[in-house]
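Okay, so here's the structure we're looking at.
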Amino acid sequence: MIDLIKELTEAYGPSGREEEVHSLLLRELEGHIDGYKFDNVGNLLVWKSGSSGKKILLDAHADEIGLVVTNIDDRGFLRVESVGGVPPHAYVGHRVRFPNAVGVVYVEGETEEERKKNFTSLNLDNMFVDIGARNRDEAMKIVPIGSFGVYDSYFYTNGDLLVSKAMDDRVGCAVIVEVLKRVKKPLNTIIGSFTVQEEVGLIGASVAAYSLVPDVCIAIDVTDSSDYPKSFKRHSMTLRKGPAIKVKDRASISNREIVEKLVQIAEQEKIPYQMEVLTFGGTNAAALQRTRAGIPSATVSIPTRYVHSPSEIVCLEDVHNAVELLLNYAGKGV
């Protein structure tokens with residue numbers, strides 16, 4: 001799976017611009033699915049038919065956080081707005097990739113004292129992007145207002161850990177791909193939903209399940225890992241202890257029956273797992289459970305260090321165990 005995760009995380013796919021990621025997913029799934037379609041908001045929906053008449057939807061969002069150009073000054077420097085939950089400090093001194101250019105993000109300041117002050121009170125009003133343009137007209141030809149950018153970051157391995165931008169949530173996409181590849185004759189029809197615009201408000205997930213009417217939905221996403229210095233003390237999730245079965249987050253409470261079944265399967269199959277109670281944030285499960293008359297929904301999470309940074313870190317074994325857990329869930333019947 002490493003090569004697939006590398007390719008997906010390094011792809012360009014900010015919210016609303018997920019086409020490159022979808023193309024990679026379809027290429028990877030060729031010969032392993034019975035059909036696919038794009039819905040009206042751009043979600044990629046794929047499926048593998050089962051015999052039980054029941055449908056399980058596995059969801060992962062294809063988008064990533066980013067920046068959008070809002071203005072360009074006379075010297076060709078870009079002003080930007082966030083696309084999703086962008087932490088400004090993670091961009092300073094880092095590169096950002098647009099479709100036709102790469103720029104460097106930095107902090108304004110006429111004096112060293114002013115710059116130091118801006119470093120301590122970072123916000124997008126006192127930051128800019130330098131794409132090397134000579135003036136506004138040149139910049140407008142390369143990166144016009146409305147262009148989207150993402151971290152210009154690459155994938156690498158560090159022992160059993162994988163490091164890259166956009167693990168949130170390309171690692172979830174990779175998990176679904178692996179499940180669909182490995183399941184041969186599924187009991188339940190398995191639907192893979194690679195949704196758009198999760199980072200700006202669960203937009204894609206709010207309609208993803210509508211046309212295919214699944215019986216249950218499971219979102220696969222990342223979650224906080226509390227195993228680095230001065231991390232969140234009320235979180236128990238850590239790397240290397242298996243996928244996290246979510247109980248609740250700020251946006252939703254997981255369906256109790258799905259949670260109990262996932263726990264039962266993990267214990268029966270001796271799959272390492274941990275329980276997740278997240279004190280902030282949310283996943284597509286919050287939107288999926290509201291679809292139509294309501295669909296039982298839950299989340300399986302991959303613990304991740306430094307979420308929404310250029311270097312999100314996951315443990316490969318946790319990813320493999322998430323695949324095993326979901327394979328067994330799909331095979332047990334709804």
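Ordered as shown in the structure tokens, chains take letters A, B, and onward, while each chain numbers its residues from 1 and ligands are numbered from 1 in the order shown.
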So that I can see what lies close to segment 68-78 of chain A, please list as a short mmCIF file (atom, residue, chain, number, x, y, z; two decimals) with all heavy atoms, in the first residue's frame the residues with an atom at most 8 Å from it, counting only C-alpha atoms and leaving out residues fewer than 3 positions away in the same chain.
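part_7.cif, freshly written:
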```cif
data_model
loop_
_atom_site.label_atom_id
_atom_site.label_comp_id
_atom_site.auth_asym_id
_atom_site.auth_seq_id
_atom_site.Cartn_x
_atom_site.Cartn_y
_atom_site.Cartn_z
N GLU A 81 -6.68 33.27 1.17
CA GLU A 81 -7.65 32.87 2.19
C GLU A 81 -7.55 31.36 2.38
O GLU A 81 -7.13 30.63 1.47
CB GLU A 81 -9.06 33.28 1.76
CG GLU A 81 -10.19 32.90 2.72
CD GLU A 81 -9.98 33.40 4.12
OE1 GLU A 81 -10.00 34.63 4.33
OE2 GLU A 81 -9.78 32.55 5.00
N SER A 82 -7.94 30.89 3.55
CA SER A 82 -7.86 29.46 3.82
C SER A 82 -8.97 28.70 3.11
O SER A 82 -10.06 29.21 2.89
CB SER A 82 -7.95 29.21 5.33
OG SER A 82 -9.19 29.65 5.83
N VAL A 83 -8.67 27.46 2.75
CA VAL A 83 -9.66 26.49 2.25
C VAL A 83 -9.63 25.34 3.25
O VAL A 83 -8.77 24.47 3.21
CB VAL A 83 -9.31 26.01 0.83
CG1 VAL A 83 -10.35 24.99 0.35
CG2 VAL A 83 -9.21 27.18 -0.14
N PHE A 128 1.88 36.52 3.03
CA PHE A 128 1.80 36.64 1.57
C PHE A 128 2.49 35.44 0.94
O PHE A 128 3.21 34.68 1.60
CB PHE A 128 2.45 37.94 1.09
CG PHE A 128 3.92 38.06 1.43
CD1 PHE A 128 4.90 37.55 0.59
CD2 PHE A 128 4.31 38.67 2.62
CE1 PHE A 128 6.24 37.65 0.90
CE2 PHE A 128 5.66 38.77 2.95
CZ PHE A 128 6.63 38.25 2.09
N VAL A 129 2.26 35.27 -0.37
CA VAL A 129 2.90 34.18 -1.12
C VAL A 129 3.71 34.79 -2.26
O VAL A 129 3.20 35.62 -3.03
CB VAL A 129 1.85 33.20 -1.69
CG1 VAL A 129 2.55 32.06 -2.43
CG2 VAL A 129 0.96 32.65 -0.58
N ASP A 130 4.96 34.37 -2.36
CA ASP A 130 5.90 34.86 -3.38
C ASP A 130 6.08 33.79 -4.45
O ASP A 130 6.67 32.75 -4.18
CB ASP A 130 7.23 35.18 -2.70
CG ASP A 130 8.29 35.70 -3.66
OD1 ASP A 130 8.02 35.77 -4.88
OD2 ASP A 130 9.38 36.04 -3.18
N ILE A 131 5.56 34.03 -5.66
CA ILE A 131 5.73 33.07 -6.76
C ILE A 131 6.83 33.52 -7.73
O ILE A 131 6.99 32.93 -8.80
CB ILE A 131 4.42 32.84 -7.52
CG1 ILE A 131 3.91 34.15 -8.16
CG2 ILE A 131 3.37 32.21 -6.62
CD1 ILE A 131 2.78 33.93 -9.17
N GLY A 132 7.55 34.57 -7.37
CA GLY A 132 8.64 35.04 -8.20
C GLY A 132 8.22 35.95 -9.35
O GLY A 132 9.03 36.25 -10.23
N ALA A 133 6.97 36.39 -9.33
CA ALA A 133 6.48 37.27 -10.40
C ALA A 133 7.08 38.68 -10.24
O ALA A 133 7.34 39.14 -9.12
CB ALA A 133 4.96 37.34 -10.38
N ARG A 134 7.25 39.37 -11.36
CA ARG A 134 7.80 40.73 -11.34
C ARG A 134 6.76 41.78 -11.00
O ARG A 134 7.08 42.85 -10.47
CB ARG A 134 8.43 41.05 -12.70
CG ARG A 134 9.66 40.21 -13.03
CD ARG A 134 10.15 40.51 -14.44
NE ARG A 134 11.36 39.79 -14.75
CZ ARG A 134 11.39 38.53 -15.19
NH1 ARG A 134 10.25 37.86 -15.36
NH2 ARG A 134 12.53 37.94 -15.46
N ASN A 135 5.50 41.50 -11.32
CA ASN A 135 4.44 42.47 -11.09
C ASN A 135 3.09 41.77 -11.09
O ASN A 135 3.01 40.55 -11.32
CB ASN A 135 4.47 43.58 -12.16
CG ASN A 135 4.48 43.02 -13.57
OD1 ASN A 135 3.61 42.21 -13.93
ND2 ASN A 135 5.46 43.43 -14.37
N ARG A 136 2.03 42.56 -10.87
CA ARG A 136 0.68 42.00 -10.78
C ARG A 136 0.26 41.32 -12.08
O ARG A 136 -0.29 40.22 -12.07
CB ARG A 136 -0.32 43.11 -10.43
CG ARG A 136 -1.77 42.64 -10.40
CD ARG A 136 -2.72 43.80 -10.14
NE ARG A 136 -4.11 43.41 -10.35
CZ ARG A 136 -4.90 42.90 -9.45
NH1 ARG A 136 -4.46 42.68 -8.23
NH2 ARG A 136 -6.16 42.58 -9.74
N ASP A 137 0.52 41.94 -13.23
CA ASP A 137 0.09 41.38 -14.49
C ASP A 137 0.73 40.02 -14.75
O ASP A 137 0.07 39.08 -15.21
CB ASP A 137 0.42 42.34 -15.65
CG ASP A 137 -0.45 43.58 -15.65
OD1 ASP A 137 -1.51 43.55 -15.00
OD2 ASP A 137 -0.07 44.57 -16.28
N GLU A 138 2.02 39.92 -14.44
CA GLU A 138 2.71 38.63 -14.64
C GLU A 138 2.14 37.57 -13.71
O GLU A 138 1.91 36.43 -14.12
CB GLU A 138 4.21 38.80 -14.39
CG GLU A 138 5.02 37.54 -14.67
CD GLU A 138 6.51 37.76 -14.50
OE1 GLU A 138 7.01 38.77 -15.02
OE2 GLU A 138 7.15 36.91 -13.84
N ALA A 139 1.90 37.95 -12.45
CA ALA A 139 1.34 36.99 -11.50
C ALA A 139 -0.05 36.54 -11.91
O ALA A 139 -0.41 35.36 -11.79
CB ALA A 139 1.30 37.60 -10.10
N MET A 140 -0.85 37.48 -12.42
CA MET A 140 -2.22 37.16 -12.83
C MET A 140 -2.25 36.13 -13.96
O MET A 140 -3.17 35.32 -14.05
CB MET A 140 -2.96 38.42 -13.26
CG MET A 140 -3.45 39.28 -12.11
SD MET A 140 -4.87 38.55 -11.25
CE MET A 140 -6.16 38.76 -12.49
N VAL A 143 -0.96 32.69 -11.81
CA VAL A 143 -1.83 32.27 -10.71
C VAL A 143 -2.92 33.32 -10.55
O VAL A 143 -2.85 34.18 -9.68
CB VAL A 143 -1.03 32.10 -9.40
CG1 VAL A 143 -1.93 31.54 -8.30
CG2 VAL A 143 0.16 31.18 -9.60
N PRO A 144 -3.96 33.29 -11.37
CA PRO A 144 -5.01 34.30 -11.27
C PRO A 144 -5.79 34.19 -9.96
O PRO A 144 -5.76 33.15 -9.29
CB PRO A 144 -5.90 34.00 -12.47
CG PRO A 144 -5.63 32.58 -12.81
CD PRO A 144 -4.20 32.32 -12.46
N ILE A 145 -6.45 35.27 -9.60
CA ILE A 145 -7.31 35.26 -8.42
C ILE A 145 -8.32 34.12 -8.55
O ILE A 145 -8.92 33.90 -9.60
CB ILE A 145 -8.02 36.61 -8.27
CG1 ILE A 145 -7.00 37.69 -7.90
CG2 ILE A 145 -9.13 36.54 -7.21
CD1 ILE A 145 -7.55 39.10 -7.90
N GLY A 146 -8.50 33.38 -7.46
CA GLY A 146 -9.36 32.20 -7.48
C GLY A 146 -8.60 30.90 -7.63
O GLY A 146 -9.21 29.82 -7.55
N SER A 147 -7.28 30.97 -7.81
CA SER A 147 -6.46 29.75 -7.91
C SER A 147 -6.30 29.12 -6.53
O SER A 147 -6.15 29.81 -5.53
CB SER A 147 -5.08 30.07 -8.48
OG SER A 147 -5.18 30.61 -9.79
N PHE A 148 -6.30 27.78 -6.51
CA PHE A 148 -6.16 27.04 -5.26
C PHE A 148 -4.75 26.47 -5.14
O PHE A 148 -4.18 25.97 -6.11
CB PHE A 148 -7.16 25.88 -5.21
CG PHE A 148 -8.59 26.29 -4.99
CD1 PHE A 148 -9.32 26.88 -6.02
CD2 PHE A 148 -9.21 26.10 -3.77
CE1 PHE A 148 -10.63 27.27 -5.82
CE2 PHE A 148 -10.53 26.47 -3.57
CZ PHE A 148 -11.24 27.07 -4.59
N GLY A 149 -4.21 26.53 -3.92
CA GLY A 149 -2.89 25.97 -3.66
C GLY A 149 -2.92 25.00 -2.50
O GLY A 149 -3.80 25.07 -1.62
#
```
Closest atom pairs, residues of segment 112-186 of chain A within 8 Å of segment 49-62 of chain A, only C-alpha atoms, as CSV:
```
residue,atom,partner,partner_atom,distance
A:Asp169,CA,A:His61,CA,5.8
A:Arg170,CA,A:Ala62,CA,6.2
A:Gly172,CA,A:Ala60,CA,5.3
A:Cys173,CA,A:Ala60,CA,5.3
A:Ile176,CA,A:Leu58,CA,6.8
A:Lys185,CA,A:Gly50,CA,6.7
A:Pro186,CA,A:Gly50,CA,4.8
```
Would you mind listing what lies within 10 Å of segment 15-19 of chain A as a PyMOL selection string, with only C-alpha atoms counted and same-chain residues fewer than 3 positions away left out? chain A and resi 11-12+22-25+41-44+61-67+83-84+148+150+194-200+203-204
Picked from segment 126-297 of chain A by DSSP as alpha helix (DSSP H), as a VMD selection string: chain A and resid 136 to 142 167 to 182 205 to 208 256 to 268 285 to 288
Members of segment 229-297 of chain A assigned strand (DSSP E) by DSSP, as a list in words: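 Those residues are Ala244, Ile245, Lys246, Val247, Lys248, Gln274, Met275, Glu276, Val277 and Ser297 of chain A.
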So which residues touch segment 214-225 of chain A within 8 Å, counting only C-alpha atoms, skipping near sequence neighbours fewer than 6 positions away, as a PyMOL selection string? chain A and resi 54-61+167-169+171-173+175+231+235-239+278+283-285+288-289+295-307+334
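With distances restricted to only C-alpha atoms, A:Val80 is the closest residue to Asp125 of chain A from A:Val80, A:Leu45, A:Ala101, A:Val92.
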Between atom CA of Tyr156 of chain A and atom CA of Val102 of chain A, measure the distance and give it in Å to one decimal.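 Atom CA of Val102 of chain A lies 20.1 Å from atom CA of Tyr156 of chain A.
Checking A:Leu262, A:Met275, A:Leu316, A:Leu212 one by one against Lys37 of chain A, counting only C-alpha atoms, you find the shortest gap at A:Leu212.
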Close residues, Ser206 of chain A itself excluded, 7 Å, only C-alpha atoms, min 4 positions apart in chain, as a PyMOL selection string: chain A and resi 202+287-288+291
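Ranking A:Leu8, A:Val86, A:Ala209, A:Thr157 by their shortest atom-to-atom distance to Ala293 of chain A, with only C-alpha atoms included, puts A:Ala209 first.
Take atom CA of Ser309 of chain A and atom CA of Tyr154 of chain A: the distance between them is 12.1 Å.
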What's the separation between atom CA of Gly93 of chain A and atom CA of Lys230 of chain A, in Å to one decimal place?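 Between atom CA of Gly93 of chain A and atom CA of Lys230 of chain A the gap is 23.9 Å.
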